[in-house]
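Asks: Below you'll find coords11.csv; it's CSV, C-alpha atoms and all ligand atoms.
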```csv
chain,number,residue,atom,x,y,z
A,18,MET,CA,0.0,0.0,0.0
A,19,ASP,CA,1.1,3.5,-0.7
A,20,GLU,CA,2.1,5.7,2.2
A,21,THR,CA,0.3,8.8,3.4
A,22,PRO,CA,2.5,11.9,2.9
A,23,SER,CA,3.9,14.0,5.7
A,24,GLN,CA,2.7,17.6,6.3
A,25,THR,CA,3.9,20.3,8.7
A,26,VAL,CA,2.7,20.4,12.3
A,27,GLY,CA,2.0,24.1,11.7
A,28,PRO,CA,2.3,26.8,14.5
A,29,PHE,CA,-0.4,25.4,16.8
A,30,LEU,CA,0.8,21.9,17.5
A,31,SER,CA,0.6,22.4,21.3
A,32,ILE,CA,-3.2,22.0,21.1
A,33,GLY,CA,-2.7,18.4,20.0
A,34,LEU,CA,0.8,17.2,20.8
A,35,THR,CA,1.7,18.1,24.3
A,36,TRP,CA,1.0,16.8,27.8
A,37,PRO,CA,2.2,18.1,31.1
A,38,ASP,CA,4.8,15.5,31.9
A,39,GLY,CA,5.8,14.8,28.4
A,40,HIS,CA,9.4,15.8,29.1
A,41,LEU,CA,9.8,13.2,31.9
A,42,VAL,CA,11.2,10.1,30.2
A,43,VAL,CA,11.9,8.9,33.8
A,44,PRO,CA,10.0,10.1,36.9
A,45,GLU,CA,11.5,13.0,38.9
A,46,GLY,CA,14.0,11.8,41.4
A,47,THR,CA,15.1,8.8,39.4
A,48,PRO,CA,18.7,7.9,40.5
A,49,GLY,CA,21.2,8.7,37.8
A,50,ALA,CA,18.8,10.9,35.9
A,51,VAL,CA,20.1,13.5,33.6
A,52,ARG,CA,18.5,16.6,32.2
A,53,ILE,CA,19.2,17.2,28.5
A,54,SER,CA,18.2,20.7,27.4
A,55,GLY,CA,18.9,22.9,24.4
A,56,THR,CA,17.7,25.5,22.0
A,57,LEU,CA,16.2,25.0,18.6
A,58,THR,CA,17.3,27.6,16.1
A,59,ASP,CA,16.7,28.5,12.5
A,60,GLY,CA,19.1,29.5,9.7
A,61,ALA,CA,19.3,33.1,11.0
A,62,GLY,CA,20.2,31.8,14.5
A,63,GLU,CA,16.7,32.9,15.7
A,64,PRO,CA,15.0,30.6,18.3
A,65,VAL,CA,12.2,28.4,16.9
A,66,ALA,CA,9.3,29.1,19.4
A,67,ASP,CA,6.8,26.8,17.8
A,68,GLY,CA,8.7,23.5,17.5
A,69,LEU,CA,8.5,20.1,19.2
A,70,VAL,CA,11.4,17.8,20.1
A,71,GLU,CA,10.7,14.1,20.7
A,72,THR,CA,13.1,11.5,22.0
A,73,TRP,CA,13.2,7.7,21.8
A,74,GLN,CA,15.8,5.5,23.4
A,75,VAL,CA,16.5,2.1,25.0
A,76,GLY,CA,16.8,1.8,28.7
A,77,ALA,CA,19.9,2.0,30.9
A,78,ASP,CA,20.2,-1.8,30.4
A,79,GLY,CA,20.4,-1.4,26.6
A,80,ARG,CA,17.0,-2.9,26.0
A,81,PRO,CA,14.0,-1.2,24.5
A,82,ASP,CA,10.8,-0.9,26.6
A,83,PRO,CA,7.8,0.2,24.6
A,84,THR,CA,6.2,1.5,27.7
A,85,ALA,CA,9.1,3.8,28.6
A,86,GLY,CA,11.9,5.6,26.7
A,87,PHE,CA,9.8,8.3,25.0
A,88,GLY,CA,9.9,12.0,25.7
A,89,ARG,CA,8.4,15.1,24.1
A,90,CYS,CA,8.8,18.8,24.8
A,91,ALA,CA,7.4,21.8,22.9
A,92,THR,CA,9.9,24.6,22.5
A,93,GLY,CA,9.3,27.8,24.6
A,94,PRO,CA,9.3,31.4,23.4
A,95,ASP,CA,13.1,31.3,23.6
A,96,GLY,CA,13.3,28.1,21.6
A,97,THR,CA,14.4,26.0,24.5
A,98,TRP,CA,13.3,22.4,25.3
A,99,GLU,CA,14.3,19.8,27.8
A,100,VAL,CA,13.8,16.1,28.7
A,101,ARG,CA,14.8,14.3,31.9
A,102,THR,CA,16.0,10.8,31.2
A,103,VAL,CA,18.7,8.2,32.0
A,104,LYS,CA,21.6,7.5,29.7
A,105,PRO,CA,20.7,4.5,27.4
A,106,GLY,CA,22.9,1.5,27.6
A,107,ALA,CA,25.0,0.1,24.8
A,108,LEU,CA,23.2,-2.1,22.3
A,109,GLY,CA,26.2,-4.3,21.8
A,110,ASP,CA,26.3,-3.8,18.1
A,111,GLY,CA,29.2,-1.4,17.9
A,112,GLN,CA,27.1,1.7,18.2
A,113,ALA,CA,27.8,4.1,21.0
A,114,PRO,CA,24.9,4.9,23.4
A,115,HIS,CA,22.5,7.3,21.7
A,116,VAL,CA,19.0,8.8,21.9
A,117,ASP,CA,17.0,9.2,18.6
A,118,VAL,CA,15.4,12.6,18.1
A,119,SER,CA,12.6,13.9,15.9
A,120,VAL,CA,12.1,17.6,15.5
A,121,PHE,CA,8.8,19.1,14.2
A,122,ALA,CA,8.0,22.7,13.5
A,123,ARG,CA,6.1,25.1,11.3
A,124,GLY,CA,8.2,25.3,8.2
A,125,LEU,CA,9.3,21.7,8.4
A,126,LEU,CA,7.1,19.8,5.9
A,127,ASP,CA,8.5,16.5,7.4
A,128,ARG,CA,10.1,15.8,10.7
A,129,VAL,CA,13.9,16.0,10.8
A,130,VAL,CA,15.7,13.2,12.7
A,131,THR,CA,18.9,13.4,14.6
A,132,ARG,CA,20.7,11.7,17.4
A,133,ILE,CA,22.1,12.6,20.8
A,134,TYR,CA,25.4,11.0,21.8
A,135,PHE,CA,27.1,11.4,25.2
A,136,PRO,CA,30.3,13.3,26.0
A,137,ASP,CA,31.5,10.8,28.6
A,138,GLU,CA,31.6,8.0,26.0
A,139,ALA,CA,34.7,9.1,24.1
A,140,ALA,CA,36.0,5.6,23.2
A,141,ALA,CA,32.5,4.3,22.2
A,142,ASN,CA,31.8,7.5,20.2
A,143,ALA,CA,35.2,7.1,18.4
A,144,ALA,CA,34.1,3.6,17.3
A,145,ASP,CA,30.5,4.5,16.4
A,146,PRO,CA,29.9,3.9,12.7
A,147,LEU,CA,27.8,7.0,12.2
A,148,LEU,CA,30.1,9.4,14.1
A,149,ALA,CA,33.2,7.9,12.6
A,150,ALA,CA,32.0,8.4,9.0
A,151,LEU,CA,31.4,12.1,9.6
A,152,PRO,CA,33.9,15.0,9.4
A,153,PRO,CA,34.9,15.8,13.0
A,154,ASP,CA,33.1,19.2,13.0
A,155,ARG,CA,29.9,17.6,11.7
A,156,ALA,CA,30.1,14.7,14.2
A,157,ALA,CA,30.5,17.2,17.0
A,158,THR,CA,26.9,18.5,16.4
A,159,LEU,CA,25.6,15.1,17.5
A,160,VAL,CA,27.5,14.9,20.9
A,161,ALA,CA,25.8,16.6,23.9
A,162,VAL,CA,27.9,19.0,25.9
A,163,ASP,CA,28.6,18.5,29.6
A,164,ALA,CA,26.8,21.3,31.5
A,165,GLY,CA,27.5,20.4,35.1
A,166,PRO,CA,26.3,17.5,37.3
A,167,GLY,CA,23.3,15.7,35.8
A,168,GLU,CA,23.1,18.3,33.0
A,169,LEU,CA,23.7,18.0,29.3
A,170,ARG,CA,23.2,20.6,26.6
A,171,PHE,CA,22.2,19.6,23.0
A,172,ASP,CA,21.3,22.5,20.7
A,173,VAL,CA,19.6,21.8,17.4
A,174,ARG,CA,20.5,24.1,14.5
A,175,LEU,CA,18.2,23.5,11.6
A,176,GLN,CA,20.2,25.4,9.0
A,177,GLY,CA,23.4,27.4,8.5
A,178,ALA,CA,26.6,27.6,10.5
A,179,HIS,CA,27.2,24.4,12.6
A,180,GLU,CA,24.0,22.9,11.2
A,181,THR,CA,23.1,19.8,13.1
A,182,VAL,CA,23.6,16.5,11.2
A,183,PHE,CA,20.2,15.1,10.2
A,184,LEU,CA,19.6,11.5,9.4
A,185,ALA,CA,17.6,9.5,6.8
A,186,LEU,CA,16.2,6.2,8.0
B,7,MET,CA,13.1,-6.6,9.2
B,8,THR,CA,13.8,-3.0,8.5
B,9,TYR,CA,11.6,-0.2,7.2
B,10,ARG,CA,11.6,0.5,3.5
B,11,PRO,CA,12.5,4.0,2.3
B,12,PRO,CA,9.5,6.0,1.2
B,13,ALA,CA,8.6,6.0,-2.5
B,14,ALA,CA,9.9,9.0,-4.4
B,15,GLY,CA,7.4,11.8,-4.5
B,16,THR,CA,5.4,10.7,-1.4
B,17,HIS,CA,6.8,13.1,1.1
B,18,PRO,CA,7.5,16.8,0.5
B,19,PRO,CA,11.0,18.0,0.2
B,20,LEU,CA,12.0,20.1,3.2
B,21,SER,CA,12.8,23.1,1.0
B,22,ALA,CA,9.7,24.2,-0.8
B,23,PRO,CA,9.9,27.8,-2.2
B,24,GLY,CA,6.1,28.1,-2.3
B,25,TYR,CA,6.0,27.7,1.5
B,26,ARG,CA,7.9,30.6,2.8
B,27,SER,CA,8.6,29.3,6.3
B,28,THR,CA,10.8,26.5,4.9
B,29,ALA,CA,13.4,29.1,3.8
B,30,LEU,CA,15.2,29.4,7.1
B,31,ARG,CA,14.1,26.1,8.6
B,32,ALA,CA,15.0,23.5,5.9
B,33,PRO,CA,18.5,22.1,6.5
B,34,SER,CA,20.9,22.8,3.7
B,35,HIS,CA,22.9,19.5,4.0
B,36,ALA,CA,21.4,16.3,2.7
B,37,PRO,CA,20.5,13.9,5.4
B,38,VAL,CA,23.0,11.2,6.3
B,39,VAL,CA,21.7,7.7,5.8
B,40,LEU,CA,21.5,5.8,9.1
B,41,PRO,CA,21.3,2.0,8.9
B,42,GLN,CA,18.4,0.9,11.1
B,43,GLY,CA,19.5,-0.6,14.4
B,44,LEU,CA,17.6,-1.6,17.6
B,45,THR,CA,16.7,1.9,18.5
B,46,GLU,CA,15.1,2.4,15.0
B,47,LEU,CA,13.4,-0.9,14.9
B,48,THR,CA,11.5,-0.2,18.1
B,49,GLY,CA,9.3,2.6,19.3
B,50,PRO,CA,7.0,3.7,22.1
B,51,ALA,CA,3.6,1.9,22.5
B,52,LEU,CA,1.7,4.9,23.8
B,53,ARG,CA,-1.8,4.4,25.1
B,54,GLY,CA,-2.2,7.8,26.6
B,55,PRO,CA,-2.8,10.1,28.2
B,56,VAL,CA,-6.3,9.7,26.8
B,57,GLY,CA,-9.2,11.2,28.7
B,58,PRO,CA,-12.9,10.2,28.5
B,59,SER,CA,-13.9,12.9,26.0
B,60,ASP,CA,-10.8,12.9,23.9
B,61,ASP,CA,-12.5,11.1,21.0
B,62,ASP,CA,-15.4,13.5,21.0
B,63,LEU,CA,-14.3,17.1,20.5
B,64,THR,CA,-18.0,18.3,20.7
B,65,ARG,CA,-18.2,17.1,24.4
B,66,GLN,CA,-15.2,18.7,26.0
B,67,HIS,CA,-17.0,21.8,27.4
B,68,ALA,CA,-20.3,22.7,29.0
B,69,GLY,CA,-22.1,23.3,25.7
B,70,GLU,CA,-21.8,22.0,22.1
B,71,PRO,CA,-19.5,23.9,19.7
B,72,ILE,CA,-21.0,25.7,16.7
B,73,GLY,CA,-20.4,24.0,13.4
B,74,GLN,CA,-21.3,21.1,11.2
B,75,ARG,CA,-21.0,18.0,13.3
B,76,ILE,CA,-18.9,15.3,11.6
B,77,VAL,CA,-17.4,11.8,12.3
B,78,VAL,CA,-13.9,11.3,11.1
B,79,PHE,CA,-12.9,7.6,11.1
B,80,GLY,CA,-10.6,5.2,9.3
B,81,ARG,CA,-7.9,2.6,9.8
B,82,VAL,CA,-4.2,3.0,10.5
B,83,LEU,CA,-2.2,0.5,8.3
B,84,ASP,CA,1.4,-0.1,7.3
B,85,GLY,CA,2.7,-0.2,3.8
B,86,ASP,CA,2.1,-4.0,3.7
B,87,GLY,CA,-1.6,-3.5,4.5
B,88,ARG,CA,-1.3,-4.8,8.1
B,89,ALA,CA,-3.4,-3.1,10.7
B,90,VAL,CA,-1.5,-1.0,13.3
B,91,PRO,CA,-3.5,-1.7,16.6
B,92,ASP,CA,-3.1,-0.2,20.1
B,93,SER,CA,-1.4,3.0,18.7
B,94,LEU,CA,-2.0,6.6,19.7
B,95,VAL,CA,-3.7,8.9,17.2
B,96,GLU,CA,-3.6,12.6,18.0
B,97,ILE,CA,-5.5,15.4,16.2
B,98,TRP,CA,-5.8,19.1,16.4
B,99,GLN,CA,-7.8,21.6,14.4
B,100,ALA,CA,-9.4,25.1,14.1
B,101,ASN,CA,-13.0,25.8,15.0
B,102,ALA,CA,-15.8,26.2,12.5
B,103,ALA,CA,-14.8,29.8,11.9
B,104,GLY,CA,-11.2,28.8,11.1
B,105,ARG,CA,-9.7,30.0,14.4
B,106,TYR,CA,-7.4,28.0,16.7
B,107,ALA,CA,-7.8,28.1,20.5
B,108,HIS,CA,-4.2,29.2,20.7
B,109,ALA,CA,-2.7,32.4,22.1
B,110,ARG,CA,-0.7,33.0,18.9
B,111,ASP,CA,-3.7,32.7,16.5
B,112,THR,CA,-4.7,36.3,16.3
B,113,TRP,CA,-6.8,36.5,13.1
B,114,PRO,CA,-10.2,38.1,13.8
B,115,ALA,CA,-12.5,35.1,13.5
B,116,PRO,CA,-14.5,34.2,16.6
B,117,LEU,CA,-13.3,31.9,19.2
B,118,ASP,CA,-15.8,29.2,20.4
B,119,PRO,CA,-15.9,28.8,24.2
B,120,ASN,CA,-17.1,25.3,23.6
B,121,PHE,CA,-14.3,24.1,21.4
B,122,THR,CA,-10.6,23.5,22.1
B,123,GLY,CA,-9.9,21.4,19.0
B,124,GLY,CA,-7.6,18.6,20.4
B,125,GLY,CA,-8.3,14.9,20.4
B,126,ARG,CA,-6.7,11.5,21.2
B,127,VAL,CA,-7.7,7.9,20.6
B,128,VAL,CA,-5.9,4.6,20.6
B,129,THR,CA,-6.5,2.4,17.6
B,130,GLY,CA,-8.5,-0.9,18.0
B,131,ALA,CA,-7.4,-4.4,17.0
B,132,ASP,CA,-8.1,-3.7,13.3
B,133,GLY,CA,-6.2,-0.4,13.4
B,134,GLY,CA,-9.5,1.5,13.4
B,135,TYR,CA,-10.1,4.9,15.0
B,136,SER,CA,-13.0,7.3,15.1
B,137,PHE,CA,-13.4,10.9,16.3
B,138,THR,CA,-16.6,13.1,16.5
B,139,THR,CA,-15.9,16.8,15.9
B,140,ILE,CA,-17.0,19.7,13.9
B,141,ARG,CA,-15.8,20.6,10.4
B,142,PRO,CA,-13.0,23.2,10.7
B,143,GLY,CA,-13.1,26.4,8.7
B,144,ALA,CA,-10.5,27.6,6.3
B,145,TYR,CA,-8.2,30.4,7.5
B,146,PRO,CA,-5.9,33.0,6.0
B,147,TRP,CA,-2.2,32.6,6.8
B,148,GLY,CA,-0.1,35.3,5.2
B,149,ASN,CA,2.2,33.1,3.2
B,150,HIS,CA,1.4,35.1,0.0
B,151,HIS,CA,-1.3,37.5,-1.2
B,152,ASN,CA,-4.8,36.0,-0.4
B,153,ALA,CA,-3.4,32.8,1.0
B,154,TRP,CA,-6.0,30.6,2.6
B,155,ARG,CA,-5.4,27.1,4.1
B,156,PRO,CA,-8.0,24.6,2.9
B,157,ALA,CA,-10.0,23.1,5.8
B,158,HIS,CA,-7.9,20.5,7.5
B,159,ILE,CA,-7.4,18.4,10.6
B,160,HIS,CA,-3.8,17.8,11.8
B,161,PHE,CA,-3.0,14.1,12.5
B,162,SER,CA,-0.1,12.6,14.5
B,163,LEU,CA,0.7,8.8,14.4
B,164,PHE,CA,3.4,6.6,15.9
B,165,GLY,CA,3.0,3.2,14.3
B,166,ARG,CA,5.1,0.4,15.9
B,167,ALA,CA,8.6,1.8,15.4
B,168,PHE,CA,10.5,5.0,15.1
B,169,PRO,CA,10.7,5.1,11.3
B,170,GLN,CA,6.8,5.0,11.1
B,171,ARG,CA,6.3,8.2,13.0
B,172,LEU,CA,4.1,10.5,10.9
B,173,VAL,CA,2.5,13.9,11.2
B,174,THR,CA,0.1,14.8,8.4
B,175,GLN,CA,-3.1,16.7,7.6
B,176,MET,CA,-6.5,15.4,6.5
B,177,TYR,CA,-8.4,17.5,3.9
B,178,PHE,CA,-12.0,17.4,2.7
B,179,PRO,CA,-13.1,16.3,-0.7
B,180,ASP,CA,-14.0,19.0,-3.3
B,181,ASP,CA,-12.4,21.8,-1.4
B,182,PRO,CA,-11.6,24.6,-4.0
B,183,LEU,CA,-8.6,25.7,-1.9
B,184,LEU,CA,-6.7,22.5,-2.3
B,185,ALA,CA,-5.4,23.4,-5.7
B,186,HIS,CA,-4.0,26.7,-4.4
B,187,ASP,CA,-2.3,25.5,-1.2
B,188,PRO,CA,1.5,25.4,-1.2
B,189,ILE,CA,1.5,22.9,1.8
B,190,VAL,CA,-0.7,20.4,0.0
B,191,ASN,CA,1.2,21.0,-3.3
B,192,SER,CA,4.6,20.5,-1.6
B,193,VAL,CA,3.9,16.8,-2.1
B,194,PRO,CA,5.4,16.0,-5.5
B,195,ASP,CA,3.2,13.1,-6.6
B,196,GLU,CA,-0.4,14.0,-7.4
B,197,ARG,CA,-1.7,10.6,-6.3
B,198,ALA,CA,0.1,10.9,-3.0
B,199,ARG,CA,-1.6,14.3,-2.5
B,200,MET,CA,-5.0,12.8,-3.0
B,201,ARG,CA,-4.2,10.2,-0.2
B,202,MET,CA,-4.5,13.1,2.2
B,203,VAL,CA,-8.1,13.9,1.1
B,204,SER,CA,-10.8,12.1,3.1
B,205,ALA,CA,-13.8,10.6,1.4
B,206,PHE,CA,-17.4,11.4,2.3
B,207,ASP,CA,-19.1,8.2,3.5
B,208,LEU,CA,-22.9,8.1,3.4
B,209,ASP,CA,-23.0,4.6,4.9
B,210,ALA,CA,-21.1,5.7,7.9
B,211,THR,CA,-23.0,9.0,8.2
B,212,ARG,CA,-25.2,8.9,11.3
B,213,PRO,CA,-28.9,9.7,10.5
B,214,GLU,CA,-30.1,12.8,12.1
B,215,TRP,CA,-26.7,13.3,13.7
B,216,ALA,CA,-23.4,13.7,11.8
B,217,LEU,CA,-21.8,13.5,8.4
B,218,ALA,CA,-19.0,10.9,8.1
B,219,TYR,CA,-15.6,11.3,6.4
B,220,ARG,CA,-13.3,8.3,6.0
B,221,PHE,CA,-9.5,8.8,6.3
B,222,ASP,CA,-7.3,5.7,6.2
B,223,ILE,CA,-3.6,6.4,7.0
B,224,VAL,CA,-0.8,4.3,5.7
B,225,LEU,CA,2.6,4.3,7.5
B,226,ARG,CA,5.9,2.9,6.2
B,227,GLY,CA,6.1,-0.8,5.6
B,228,GLY,CA,8.8,-3.3,6.3
B,229,ALA,CA,11.4,-4.9,4.2
B,230,ALA,CA,13.6,-8.0,4.8
B,231,THR,CA,17.1,-7.2,5.8
B,232,PRO,CA,19.7,-8.6,3.3
B,233,PHE,CA,20.7,-11.5,5.5
B,234,GLU,CA,17.1,-12.5,5.8
B,235,GLU,CA,16.6,-12.7,2.0
B,236,PRO,CA,16.6,-16.2,0.5
B,237,HIS,CA,19.9,-17.1,-1.2
B,238,GLY,CA,20.2,-17.9,-4.9
A,301,FE,FE,-3.6,24.1,10.7
```
Please render this file's structure as structure tokens.
Ligand SMILES: [Fe+2]

Replies:
Amino acid sequence: MDETPSQTVGPFLSIGLTWPDGHLVVPEGTPGAVRISGTLTDGAGEPVADGLVETWQVGADGRPDPTAGFGRCATGPDGTWEVRTVKPGALGDGQAPHVDVSVFARGLLDRVVTRIYFPDEAAANAADPLLAALPPDRAATLVAVDAGPGELRFDVRLQGAHETVFLAL
Amino acid sequence: MTYRPPAAGTHPPLSAPGYRSTALRAPSHAPVVLPQGLTELTGPALRGPVGPSDDDLTRQHAGEPIGQRIVVFGRVLDGDGRAVPDSLVEIWQANAAGRYAHARDTWPAPLDPNFTGGGRVVTGADGGYSFTTIRPGAYPWGNHHNAWRPAHIHFSLFGRAFPQRLVTQMYFPDDPLLAHDPIVNSVPDERARMRMVSAFDLDATRPEWALAYRFDIVLRGGAATPFEEPHG
């Protein structure tokens, strides 16, 4: 059967696509939890205030759990978003620990997909097939930045200087 | 099993000159192909949060919203024709006057105190879903001179795995605005565009109550991985 095409979420996605604790991949107070936050910006460096960031990942044990592992956060007026989660475990297939990300916004006719890697996994990141195949400055856009205890920063730049690497599945 | 790439012409290119907001938001680099691993071959099985009136947008307030009452229903399938059961479907839409209940929608059409415009259901065993709502109005959007969006309902679907995630819009048959809309026309293939247009269904129309529109949604289908293909 032939697929239904994608269309933009438009500017009013928050009516349909948000819920209050959507950013909590794990409950507040979970031991080892980390807050991943960032800003979504456009090709002029301006914040995207009407976007949505979704995350999907395996658990800390490296296994997928369909009832957990999903997060979503609409961007605020300043383009910022956050999820609270735990670092996913290694899959054992040579890939470094990673979180898959979808970004939706007005002006995006289809979602864009990217990945968050972790800064404390230098050896695993160096051996990761996706990161290793990218020029170093491009690969760096996929690795979150350490922002203090339990805090990581991951900015998504849709276009322009230091544009985030986006993925085709 | 992995998920087949979409057929050419099905999904819009991210850069579409007729849709002005793509100019600063479409990435300039081509996407990097990522082989599907465990993270991509799985996904969330969301069953909520779904409240008691989330499938009936006409019963979310003290009174009924103004507008033509309609039933929007259909099945969620994958590209191999298999039903996608137990999967969250989310919708949002403007009211009958074409106004969204959103702080940033400022065009001067009336708000309806009895209509918010958001709905959620989980698909049944056959992939079926159904919403009761009112037909949304068209609205102007400033993309170009005299630009009006055709009446539409936004749909969000998860499928079974990350590659099947889809956000789309459902349109109404015989809407004269469809031919003029850069968002509809961003889809290159005309037959693919028509798959976003619902069908009026007299059999499903509820006598003395509501017109029915059928909208089946097809997500990406699977393909055998090379090592699963028969040899020879
Ligand atoms: Fe809309």

Asks: Show which residues sit within 6 Å of Val120 in chain A, as a list in words. Count all atoms listed in the file, and ignore same-chain residues fewer than 4 positions away.

Replies: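 Non-adjacent residues within range: Leu69, Val70, Arg128 and Val129 of chain A.
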
Asks: Would you write out, as a Markdown table, a table of all residues in chain A that have an atom no more than 9 Å from an atom of ligand FE 301 (chain A), listing for each the closest atom pair and the distance in Å to one decimal, considering all atoms listed in the file and ordering rows by chain and rising residue number?

Replies:
```
| residue | atom | partner | partner_atom | distance |
| --- | --- | --- | --- | --- |
| A:Thr25 | CA | A:FE301 | FE | 8.6 |
| A:Val26 | CA | A:FE301 | FE | 7.5 |
| A:Gly27 | CA | A:FE301 | FE | 5.7 |
| A:Pro28 | CA | A:FE301 | FE | 7.5 |
| A:Phe29 | CA | A:FE301 | FE | 7.0 |
| A:Leu30 | CA | A:FE301 | FE | 8.4 |
```

Asks: Could you please determine the separation between CA of Leu175 in chain A and CA of Val100 in chain A in Å, to one decimal place?

Replies: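 CA of Val100 in chain A lies at a distance of 19.1 Å from CA of Leu175 in chain A.
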
Asks: Would you mind listing what lies within 9 Å of Phe183 in chain A as JSON, numbers by chain, with all atoms listed in the file counted and same-chain residues fewer than 3 positions away left out?

Replies: {"A": [129, 130, 131, 132, 175, 180], "B": [33, 35, 36, 37, 38, 39]}

Asks: From the options B:Gln170, B:Asn152, B:Gln175, B:Gln66, which residue's atoms come nearest to Thr8 in chain B, counting only C-alpha atoms?

Replies: B:Gln170

Asks: Which residues, written as a PyMOL selection string, have at least one atom at most 10 Å from Gly62 in chain A, with only C-alpha atoms counted and residues fewer than 5 positions away on the same chain left out?

Replies: (chain A and resi 57+174-178) or (chain B and resi 30)
